[in-house]
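Here the structure is laid out as structure tokens; the discussion comes afterwards.
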Amino acid sequence: METAKLAPIVVKRRDDGWEFVPSSTLTSLIIGGFVVGSAFYLYLFTVLIRSANPLISVTLLLSGVLIGAMAIRAWRTRNTSLNVENGGRVSYGENELCASGTVRNIRIVPSVGGEVGDCEVRLELADGSQVAIPSQYFAGFKSRKHARPFAEEFAKALGVQVTDAADTLKQEDEHS
């Protein structure tokens with residue numbers, strides 16, 4: 001078994017394919033951030049419960065609970081791997097994302113949510129549709145530069161190329 005470590009993601013080469021898991025550093029930072037955020041909002045709630053407007057207190061309580069739920073979700077999914085079998089089947093945990101041989105390439109595209117410049121890595125299928133990776137650990141990157149190492153390693157596991165949406169747009173502008 002060969003193991004490579006991309007900063008936030010650990011890649012393991014196995015006999016039956018490839019396994020991508022979030023690094024312990026990444027999971028600790030995400031879970032820790034949610035726990036600290038939740039604790040902060042709940043602390044503010046306890047401080048302001050009697051002195052502030054009840055609407056503000058309830059908003060702080062609900063925000064703390066929501067962020068706490070996000071911490072629980074992050075904790076539960078910290079060991080869920082993204083798997084690429086030798087035949088090309090892609091799964092996240094027990095859920096199949098793509099059947100064997102259907103991935104045409106890996107695309108780096110602008111993120112649907114998040115800030116301007118954020119990117120995500122998607123699977124482009126033979127029929128032209130795209131499949132998002134359903135994980136907070138593999139889904140979003142701050143820039144194309146941060147997304148590229150994961151996309152290249154993922155493409156290597158599938159035996160396909162990486163396509164960057166920005167490069168595609170530049171080529172279309174040059175031909176216009």
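Identifiers in this document derive from the order of the structure tokens: chains are assigned A, B, ..., residues are numbered from 1 separately in each chain, and ligands are numbered from 1 in order of occurrence.
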Next on the checklist: Residues within 6 Å of Ser111 of chain A, please, as a count of residues only. Count only C-alpha atoms; anything in the same chain fewer than 5 positions from it doesn't count.
Outcome noted: 3
Kindly provide the residues of segment 19-67 of chain A that approach segment 89-104 of chain A to within 12 Å, each paired with its closest atom pair and their distance in Å to one decimal, based on only C-alpha atoms, listed by chain and increasing number, as CSV.
residue,atom,partner,partner_atom,distance
A:Glu19,CA,A:Tyr92,CA,9.8
A:Phe20,CA,A:Tyr92,CA,9.4
A:Val21,CA,A:Tyr92,CA,10.1
Checklist entry - If you measure from atom CA of Leu55 of chain A to atom CA of Tyr43 of chain A, what distance in Å do you get, rounded to one decimal? => result 15.9 Å
Item to check | Secondary structure check, strand (DSSP E) residues of segment 6-160 of chain A, as an MDAnalysis selection string | outcome: chainID A and resid 6 9:14 17:22 82:85 90:92 95:98 103:110 119:125 130:132 140:141
Next on the checklist: Set the distance at 12 Å and use only C-alpha atoms: which residues neighbour Phe138 of chain A once local chain neighbours fewer than 5 positions away are removed? I'd like the list as a list of chain:residue names.
Outcome noted: A:Leu6, A:Pro8, A:Ile9, A:Val10, A:Phe20, A:Val21, A:Pro22, A:Ser23, A:Leu26, A:Thr27, A:Thr77, A:Arg78, A:Thr80, A:Ser81, A:Leu82, A:Tyr92, A:Cys119, A:Glu120, A:Val121, A:Arg122, A:Ala132, A:Ile133, A:His146, A:Ala147, A:Pro149, A:Phe150, A:Ala151, A:Phe154
Checklist entry - Near Gly17 of chain A, counting only C-alpha atoms, which residues have an atom at most 6 Å away, once you skip same-chain residues fewer than 6 positions from it, shown as a list of chain:residue names? => result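 After dropping sequence-adjacent residues, the list is A:Val84, A:Glu85, A:Asn86.
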Once you have the residues from the selection above, write them out as a PDB file, in the first residue's frame, restricted to C-alpha atoms.
ATOM      1  CA  VAL A  84     -11.844   4.971  -6.641  1.00  0.00           C
ATOM      2  CA  GLU A  85     -11.888   1.291  -7.549  1.00  0.00           C
ATOM      3  CA  ASN A  86      -9.546  -0.102 -10.200  1.00  0.00           C
TER       4      ASN A  86
END
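Our summary of the geometry notes that atom CA of Gly64 of chain A is positioned 17.8 Å from atom CA of Leu29 of chain A.
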Next on the checklist: Calculated over only C-alpha atoms, which of the candidates A:Gln130, A:Tyr137, A:Ser143, A:Phe34 has the smallest distance to Gly117 of chain A?
Outcome noted: A:Ser143
Item to check | Residue with smallest distance to Gly37 of chain A - pool A:Ala69, A:Pro54, A:Lys12, A:Ala165, counting only C-alpha atoms | outcome: A:Ala69
Checklist entry - Can you tell me, as a list in words, what residues are no more than 10 Å from Val65 of chain A when counting only C-alpha atoms, ignoring any on the same chain fewer than 4 positions away? => result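 Result of the neighbour search: Ser38, Ala39, Tyr41, Leu42, Thr59, Leu60, Leu61, Ala69, Met70 and Ala71 of chain A.
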Next on the checklist: Given only C-alpha atoms as the basis, pick out the residue of A:Pro110, A:Gly128, A:Gly33, A:Gly140 nearest to Asp164 of chain A.
Outcome noted: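 Smallest separation from Asp164 of chain A among the options: A:Pro110.
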Checklist entry - Which residues come within 7 Å of Gln161 of chain A, counting only C-alpha atoms, excluding same-chain residues fewer than 4 positions away, as a list in words? => result Asn105, Ile106 and Ala155 of chain A
Item to check | Computed interatomic separation between atom CA of Val35 of chain A and atom CA of Val11 of chain A (Å) | outcome: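 Computed distance, atom CA of Val35 of chain A to atom CA of Val11 of chain A, equals 27.0 Å.
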Item to check | Distance criterion (only C-alpha atoms): nearest to Ile31 of chain A out of A:Gln136, A:Thr163, A:Thr46, A:Ser129 | outcome: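 The shortest atom-to-atom distance to Ile31 of chain A comes from A:Gln136.
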Item to check | Residue among A:Gly113, A:Ser135, A:Leu125, A:Ile108 lying closest to Glu152 of chain A, counting only C-alpha atoms | outcome: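 Selected residue with least distance to Glu152 of chain A: A:Ile108.
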Checklist entry - Out of segment 3-175 of chain A, which residues get helix (DSSP H, G or I) from DSSP, as a PyMOL selection string? => result chain A and resi 24-48+54-77+144-158+165-175
